[in-house]
$ cat final.txt   # compact mmCIF, C-alpha atoms
# COMPACT_ATOMS: atom_id res chain seq x y z
CA MET A 1 -12.13 -51.79 -43.50
CA SER A 2 -9.58 -50.31 -45.89
CA ASP A 3 -8.86 -46.60 -46.34
CA GLY A 4 -11.55 -44.88 -48.35
CA GLU A 5 -14.03 -47.73 -47.96
CA VAL A 6 -17.64 -46.87 -47.08
CA ARG A 7 -19.69 -49.23 -44.94
CA LEU A 8 -23.39 -49.10 -44.10
CA THR A 9 -24.89 -51.28 -41.38
CA GLY A 10 -28.40 -51.21 -40.08
CA GLN A 11 -31.95 -52.39 -40.39
CA LEU A 12 -34.98 -52.23 -42.61
CA ILE A 13 -37.93 -52.33 -40.21
CA CYS A 14 -41.27 -53.46 -41.61
CA ALA A 15 -44.48 -52.45 -39.85
CA SER A 16 -46.57 -55.35 -41.15
CA ALA A 17 -46.65 -58.62 -43.06
CA VAL A 18 -47.65 -56.60 -46.13
CA GLU A 19 -44.36 -54.66 -45.96
CA VAL A 20 -42.45 -57.93 -45.50
CA GLU A 21 -44.00 -59.21 -48.73
CA ILE A 22 -43.03 -55.98 -50.52
CA VAL A 23 -39.42 -56.52 -49.43
CA ARG A 24 -39.49 -60.20 -50.44
CA THR A 25 -40.91 -59.32 -53.85
CA HIS A 26 -38.41 -56.61 -54.73
CA LEU A 27 -35.28 -57.64 -52.82
CA PRO A 28 -33.79 -60.22 -55.24
CA GLU A 29 -33.55 -57.70 -58.10
CA HIS A 30 -32.27 -54.98 -55.77
CA ILE A 31 -29.52 -57.29 -54.54
CA ARG A 32 -28.64 -58.37 -58.10
CA LEU A 33 -28.39 -54.79 -59.35
CA THR A 34 -26.41 -53.59 -56.34
CA ARG A 35 -23.87 -56.40 -56.46
CA ALA A 36 -23.31 -55.63 -60.15
CA GLU A 37 -22.45 -51.98 -59.43
CA PRO A 38 -18.83 -50.91 -59.88
CA GLY A 39 -17.21 -50.60 -56.47
CA CYS A 40 -19.64 -52.81 -54.55
CA LEU A 41 -17.54 -55.04 -52.28
CA ALA A 42 -20.39 -56.67 -50.35
CA PHE A 43 -24.15 -56.29 -50.09
CA THR A 44 -26.48 -58.38 -47.92
CA VAL A 45 -30.03 -57.89 -46.72
CA GLU A 46 -31.30 -60.75 -44.58
CA GLN A 47 -34.47 -61.24 -42.61
CA THR A 48 -33.71 -61.70 -38.90
CA THR A 49 -34.84 -64.85 -37.14
CA ALA A 50 -35.60 -63.03 -33.88
CA ASP A 51 -38.11 -60.71 -35.57
CA PRO A 52 -39.29 -61.48 -39.12
CA LEU A 53 -40.32 -57.82 -39.57
CA ILE A 54 -36.67 -56.73 -39.33
CA TRP A 55 -34.08 -57.14 -42.07
CA ARG A 56 -30.34 -56.72 -41.37
CA ILE A 57 -28.46 -54.62 -43.93
CA GLU A 58 -24.70 -54.76 -44.57
CA GLU A 59 -23.14 -52.79 -47.43
CA ARG A 60 -19.50 -52.17 -48.37
CA PHE A 61 -18.25 -50.00 -51.22
CA VAL A 62 -14.69 -49.21 -52.29
CA ASP A 63 -15.08 -45.47 -51.81
CA LYS A 64 -17.42 -42.48 -51.52
CA VAL A 65 -17.91 -42.26 -55.28
CA ALA A 66 -19.11 -45.86 -55.53
CA PHE A 67 -21.38 -45.42 -52.51
CA SER A 68 -22.82 -42.18 -53.89
CA HIS A 69 -23.52 -43.90 -57.22
CA HIS A 70 -25.31 -46.69 -55.35
CA GLN A 71 -27.43 -44.20 -53.41
CA SER A 72 -28.38 -42.33 -56.59
CA ARG A 73 -29.23 -45.49 -58.49
CA THR A 74 -31.25 -46.85 -55.61
CA ARG A 75 -33.28 -43.65 -55.20
CA ALA A 76 -34.35 -43.90 -58.84
CA SER A 77 -35.21 -47.62 -58.69
CA VAL A 78 -38.33 -49.76 -58.49
CA TRP A 79 -36.98 -50.96 -55.12
CA TRP A 80 -37.02 -47.43 -53.70
CA ALA A 81 -40.49 -46.66 -55.04
CA ALA A 82 -41.86 -49.87 -53.51
CA THR A 83 -40.08 -49.61 -50.14
CA ALA A 84 -39.79 -45.86 -49.54
CA GLY A 85 -42.37 -46.00 -46.73
CA ILE A 86 -40.51 -48.72 -44.81
CA VAL A 87 -38.44 -47.48 -41.87
CA ARG A 88 -34.68 -47.60 -42.28
CA ASP A 89 -32.26 -47.32 -39.35
CA TYR A 90 -28.59 -47.41 -40.25
CA GLU A 91 -25.13 -46.04 -39.68
CA ILE A 92 -22.66 -45.08 -42.41
CA ILE A 93 -18.93 -45.23 -41.74
CA GLY A 94 -16.36 -43.71 -44.07
CA LEU A 95 -18.17 -40.71 -45.53
CA ALA A 96 -16.51 -38.07 -43.32

$ encode --input "final.txt" --output "structure tokens"
Amino acid sequence: MSDGEVRLTGQLICASAVEVEIVRTHLPEHIRLTRAEPGCLAFTVEQTTADPLIWRIEERFVDKVAFSHHQSRTRASVWWAATAGIVRDYEIIGLA
């Protein structure tokens, strides 16, 4: 990780098959929009094989400004509206 880079790692934890389908429905556009953001270095959300209710999240942004922009855009998106009730468990490195 380079100086100034922000990295988020964690999980999106679905409670049911219905929530899994919500993620599957909205994830492709969320990934497309995020990867197109200025300062996005990497963005992956993948369903785990050990537990299909859990999705692994890995995000990397060039700096705090790019990460903050991503967070703001996401909170105003269709993705956020559709998945707001799904549990998220993650760690952010590089914001301090």

$ closest_residue --input "final.txt" --among "A:Leu27, A:Cys40, A:Ile13, A:Ile57" --to "Ser77 of chain A" --atoms "all atoms listed in the file"
A:Leu27

$ residues_around --input "final.txt" --residues "segment 63-70 of chain A" --least-positions-apart "4" --cutoff "8 Å" --atoms "only C-alpha atoms" --output "list in words"
Gly4, Glu5, Val6, Thr34, Glu37, Pro38, Gly39, Cys40, Thr74, Gly94 and Leu95 of chain A

$ closest_residue --input "final.txt" --among "A:Thr49, A:Leu8, A:Arg73, A:Trp55" --to "Ile86 of chain A" --atoms "only C-alpha atoms"
A:Trp55

$ closest_residue --input "final.txt" --among "A:Leu41, A:Pro52, A:Val62, A:His30" --to "Ala81 of chain A" --atoms "only C-alpha atoms"
A:His30

$ closest_residue --input "final.txt" --among "A:Arg88, A:Arg75, A:Arg24, A:Arg7" --to "Glu59 of chain A" --atoms "only C-alpha atoms"
A:Arg7

$ closest_residue --input "final.txt" --among "A:Trp79, A:Thr48, A:Arg60, A:Val18" --to "Ile31 of chain A" --atoms "all atoms listed in the file"
A:Trp79

$ closest_residue --input "final.txt" --among "A:Gln11, A:Gln47, A:Asp3, A:Leu33" --to "Glu91 of chain A" --atoms "all atoms listed in the file"
A:Gln11

$ atom_distance --input "final.txt" --atom1 "atom CA of Ile54 of chain A" --atom2 "atom CA of Ala96 of chain A"
27.8 Å

$ atom_distance --input "final.txt" --atom1 "atom CA of Val45 of chain A" --atom2 "atom CA of His26 of chain A"
11.7 Å

$ atom_distance --input "final.txt" --atom1 "atom CA of Val87 of chain A" --atom2 "atom CA of Ala15 of chain A"
8.1 Å

$ build_atoms --input "final.txt" --residues "segment 20-54 of chain A" --atoms "N, CA and C atoms" --output "PDB file, keeping the file's coordinate frame"
ATOM      1  N   VAL A  20     -43.381 -56.805 -45.342  1.00  0.00           N
ATOM      2  CA  VAL A  20     -42.450 -57.930 -45.500  1.00  0.00           C
ATOM      3  C   VAL A  20     -42.576 -58.509 -46.903  1.00  0.00           C
ATOM      4  N   GLU A  21     -43.788 -58.667 -47.382  1.00  0.00           N
ATOM      5  CA  GLU A  21     -44.000 -59.210 -48.730  1.00  0.00           C
ATOM      6  C   GLU A  21     -43.478 -58.257 -49.801  1.00  0.00           C
ATOM      7  N   ILE A  22     -43.594 -56.962 -49.580  1.00  0.00           N
ATOM      8  CA  ILE A  22     -43.030 -55.980 -50.520  1.00  0.00           C
ATOM      9  C   ILE A  22     -41.524 -56.166 -50.606  1.00  0.00           C
ATOM     10  N   VAL A  23     -40.876 -56.300 -49.450  1.00  0.00           N
ATOM     11  CA  VAL A  23     -39.420 -56.520 -49.430  1.00  0.00           C
ATOM     12  C   VAL A  23     -39.090 -57.819 -50.150  1.00  0.00           C
ATOM     13  N   ARG A  24     -39.762 -58.894 -49.814  1.00  0.00           N
ATOM     14  CA  ARG A  24     -39.490 -60.200 -50.440  1.00  0.00           C
ATOM     15  C   ARG A  24     -39.653 -60.143 -51.962  1.00  0.00           C
ATOM     16  N   THR A  25     -40.645 -59.419 -52.413  1.00  0.00           N
ATOM     17  CA  THR A  25     -40.910 -59.320 -53.850  1.00  0.00           C
ATOM     18  C   THR A  25     -39.804 -58.584 -54.587  1.00  0.00           C
ATOM     19  N   HIS A  26     -39.336 -57.484 -54.021  1.00  0.00           N
ATOM     20  CA  HIS A  26     -38.410 -56.610 -54.730  1.00  0.00           C
ATOM     21  C   HIS A  26     -36.938 -56.806 -54.378  1.00  0.00           C
ATOM     22  N   LEU A  27     -36.659 -57.502 -53.291  1.00  0.00           N
ATOM     23  CA  LEU A  27     -35.280 -57.640 -52.820  1.00  0.00           C
ATOM     24  C   LEU A  27     -34.353 -58.392 -53.779  1.00  0.00           C
ATOM     25  N   PRO A  28     -34.746 -59.510 -54.369  1.00  0.00           N
ATOM     26  CA  PRO A  28     -33.790 -60.220 -55.240  1.00  0.00           C
ATOM     27  C   PRO A  28     -33.215 -59.353 -56.365  1.00  0.00           C
ATOM     28  N   GLU A  29     -34.046 -58.568 -57.014  1.00  0.00           N
ATOM     29  CA  GLU A  29     -33.550 -57.700 -58.100  1.00  0.00           C
ATOM     30  C   GLU A  29     -32.684 -56.573 -57.543  1.00  0.00           C
ATOM     31  N   HIS A  30     -33.070 -56.038 -56.404  1.00  0.00           N
ATOM     32  CA  HIS A  30     -32.270 -54.980 -55.770  1.00  0.00           C
ATOM     33  C   HIS A  30     -30.877 -55.506 -55.418  1.00  0.00           C
ATOM     34  N   ILE A  31     -30.816 -56.699 -54.865  1.00  0.00           N
ATOM     35  CA  ILE A  31     -29.520 -57.290 -54.540  1.00  0.00           C
ATOM     36  C   ILE A  31     -28.715 -57.531 -55.816  1.00  0.00           C
ATOM     37  N   ARG A  32     -29.345 -58.088 -56.832  1.00  0.00           N
ATOM     38  CA  ARG A  32     -28.640 -58.370 -58.100  1.00  0.00           C
ATOM     39  C   ARG A  32     -28.048 -57.097 -58.690  1.00  0.00           C
ATOM     40  N   LEU A  33     -28.857 -56.045 -58.764  1.00  0.00           N
ATOM     41  CA  LEU A  33     -28.390 -54.790 -59.350  1.00  0.00           C
ATOM     42  C   LEU A  33     -27.279 -54.154 -58.522  1.00  0.00           C
ATOM     43  N   THR A  34     -27.423 -54.201 -57.205  1.00  0.00           N
ATOM     44  CA  THR A  34     -26.410 -53.590 -56.340  1.00  0.00           C
ATOM     45  C   THR A  34     -25.088 -54.317 -56.436  1.00  0.00           C
ATOM     46  N   ARG A  35     -25.121 -55.631 -56.389  1.00  0.00           N
ATOM     47  CA  ARG A  35     -23.870 -56.400 -56.460  1.00  0.00           C
ATOM     48  C   ARG A  35     -23.169 -56.238 -57.796  1.00  0.00           C
ATOM     49  N   ALA A  36     -23.900 -55.859 -58.821  1.00  0.00           N
ATOM     50  CA  ALA A  36     -23.310 -55.630 -60.150  1.00  0.00           C
ATOM     51  C   ALA A  36     -22.716 -54.232 -60.297  1.00  0.00           C
ATOM     52  N   GLU A  37     -22.955 -53.351 -59.337  1.00  0.00           N
ATOM     53  CA  GLU A  37     -22.450 -51.980 -59.430  1.00  0.00           C
ATOM     54  C   GLU A  37     -20.928 -51.955 -59.294  1.00  0.00           C
ATOM     55  N   PRO A  38     -20.277 -51.083 -60.068  1.00  0.00           N
ATOM     56  CA  PRO A  38     -18.830 -50.910 -59.880  1.00  0.00           C
ATOM     57  C   PRO A  38     -18.555 -50.414 -58.456  1.00  0.00           C
ATOM     58  N   GLY A  39     -17.604 -51.041 -57.806  1.00  0.00           N
ATOM     59  CA  GLY A  39     -17.210 -50.600 -56.470  1.00  0.00           C
ATOM     60  C   GLY A  39     -17.956 -51.251 -55.328  1.00  0.00           C
ATOM     61  N   CYS A  40     -18.936 -52.095 -55.615  1.00  0.00           N
ATOM     62  CA  CYS A  40     -19.640 -52.810 -54.550  1.00  0.00           C
ATOM     63  C   CYS A  40     -18.759 -53.983 -54.103  1.00  0.00           C
ATOM     64  N   LEU A  41     -18.366 -53.967 -52.831  1.00  0.00           N
ATOM     65  CA  LEU A  41     -17.540 -55.040 -52.280  1.00  0.00           C
ATOM     66  C   LEU A  41     -18.399 -56.128 -51.633  1.00  0.00           C
ATOM     67  N   ALA A  42     -19.498 -55.718 -51.010  1.00  0.00           N
ATOM     68  CA  ALA A  42     -20.390 -56.670 -50.350  1.00  0.00           C
ATOM     69  C   ALA A  42     -21.748 -56.011 -50.153  1.00  0.00           C
ATOM     70  N   PHE A  43     -22.799 -56.815 -50.285  1.00  0.00           N
ATOM     71  CA  PHE A  43     -24.150 -56.290 -50.090  1.00  0.00           C
ATOM     72  C   PHE A  43     -25.048 -57.437 -49.652  1.00  0.00           C
ATOM     73  N   THR A  44     -25.556 -57.369 -48.408  1.00  0.00           N
ATOM     74  CA  THR A  44     -26.480 -58.380 -47.920  1.00  0.00           C
ATOM     75  C   THR A  44     -27.653 -57.718 -47.212  1.00  0.00           C
ATOM     76  N   VAL A  45     -28.810 -58.272 -47.430  1.00  0.00           N
ATOM     77  CA  VAL A  45     -30.030 -57.890 -46.720  1.00  0.00           C
ATOM     78  C   VAL A  45     -30.695 -59.205 -46.351  1.00  0.00           C
ATOM     79  N   GLU A  46     -30.777 -59.464 -45.037  1.00  0.00           N
ATOM     80  CA  GLU A  46     -31.300 -60.750 -44.580  1.00  0.00           C
ATOM     81  C   GLU A  46     -32.345 -60.542 -43.501  1.00  0.00           C
ATOM     82  N   GLN A  47     -33.409 -61.282 -43.605  1.00  0.00           N
ATOM     83  CA  GLN A  47     -34.470 -61.240 -42.610  1.00  0.00           C
ATOM     84  C   GLN A  47     -33.929 -61.847 -41.305  1.00  0.00           C
ATOM     85  N   THR A  48     -34.188 -61.175 -40.175  1.00  0.00           N
ATOM     86  CA  THR A  48     -33.710 -61.700 -38.900  1.00  0.00           C
ATOM     87  C   THR A  48     -34.619 -62.816 -38.412  1.00  0.00           C
ATOM     88  N   THR A  49     -34.043 -63.757 -37.687  1.00  0.00           N
ATOM     89  CA  THR A  49     -34.840 -64.850 -37.140  1.00  0.00           C
ATOM     90  C   THR A  49     -35.562 -64.429 -35.862  1.00  0.00           C
ATOM     91  N   ALA A  50     -34.978 -63.489 -35.129  1.00  0.00           N
ATOM     92  CA  ALA A  50     -35.600 -63.030 -33.880  1.00  0.00           C
ATOM     93  C   ALA A  50     -36.886 -62.258 -34.125  1.00  0.00           C
ATOM     94  N   ASP A  51     -36.912 -61.496 -35.230  1.00  0.00           N
ATOM     95  CA  ASP A  51     -38.110 -60.710 -35.570  1.00  0.00           C
ATOM     96  C   ASP A  51     -38.228 -60.668 -37.082  1.00  0.00           C
ATOM     97  N   PRO A  52     -39.173 -61.414 -37.656  1.00  0.00           N
ATOM     98  CA  PRO A  52     -39.290 -61.480 -39.120  1.00  0.00           C
ATOM     99  C   PRO A  52     -39.697 -60.161 -39.784  1.00  0.00           C
ATOM    100  N   LEU A  53     -40.027 -59.136 -38.997  1.00  0.00           N
ATOM    101  CA  LEU A  53     -40.320 -57.820 -39.570  1.00  0.00           C
ATOM    102  C   LEU A  53     -39.048 -57.009 -39.803  1.00  0.00           C
ATOM    103  N   ILE A  54     -37.933 -57.467 -39.251  1.00  0.00           N
ATOM    104  CA  ILE A  54     -36.670 -56.730 -39.330  1.00  0.00           C
ATOM    105  C   ILE A  54     -35.690 -57.440 -40.250  1.00  0.00           C
TER     106      ILE A  54
END
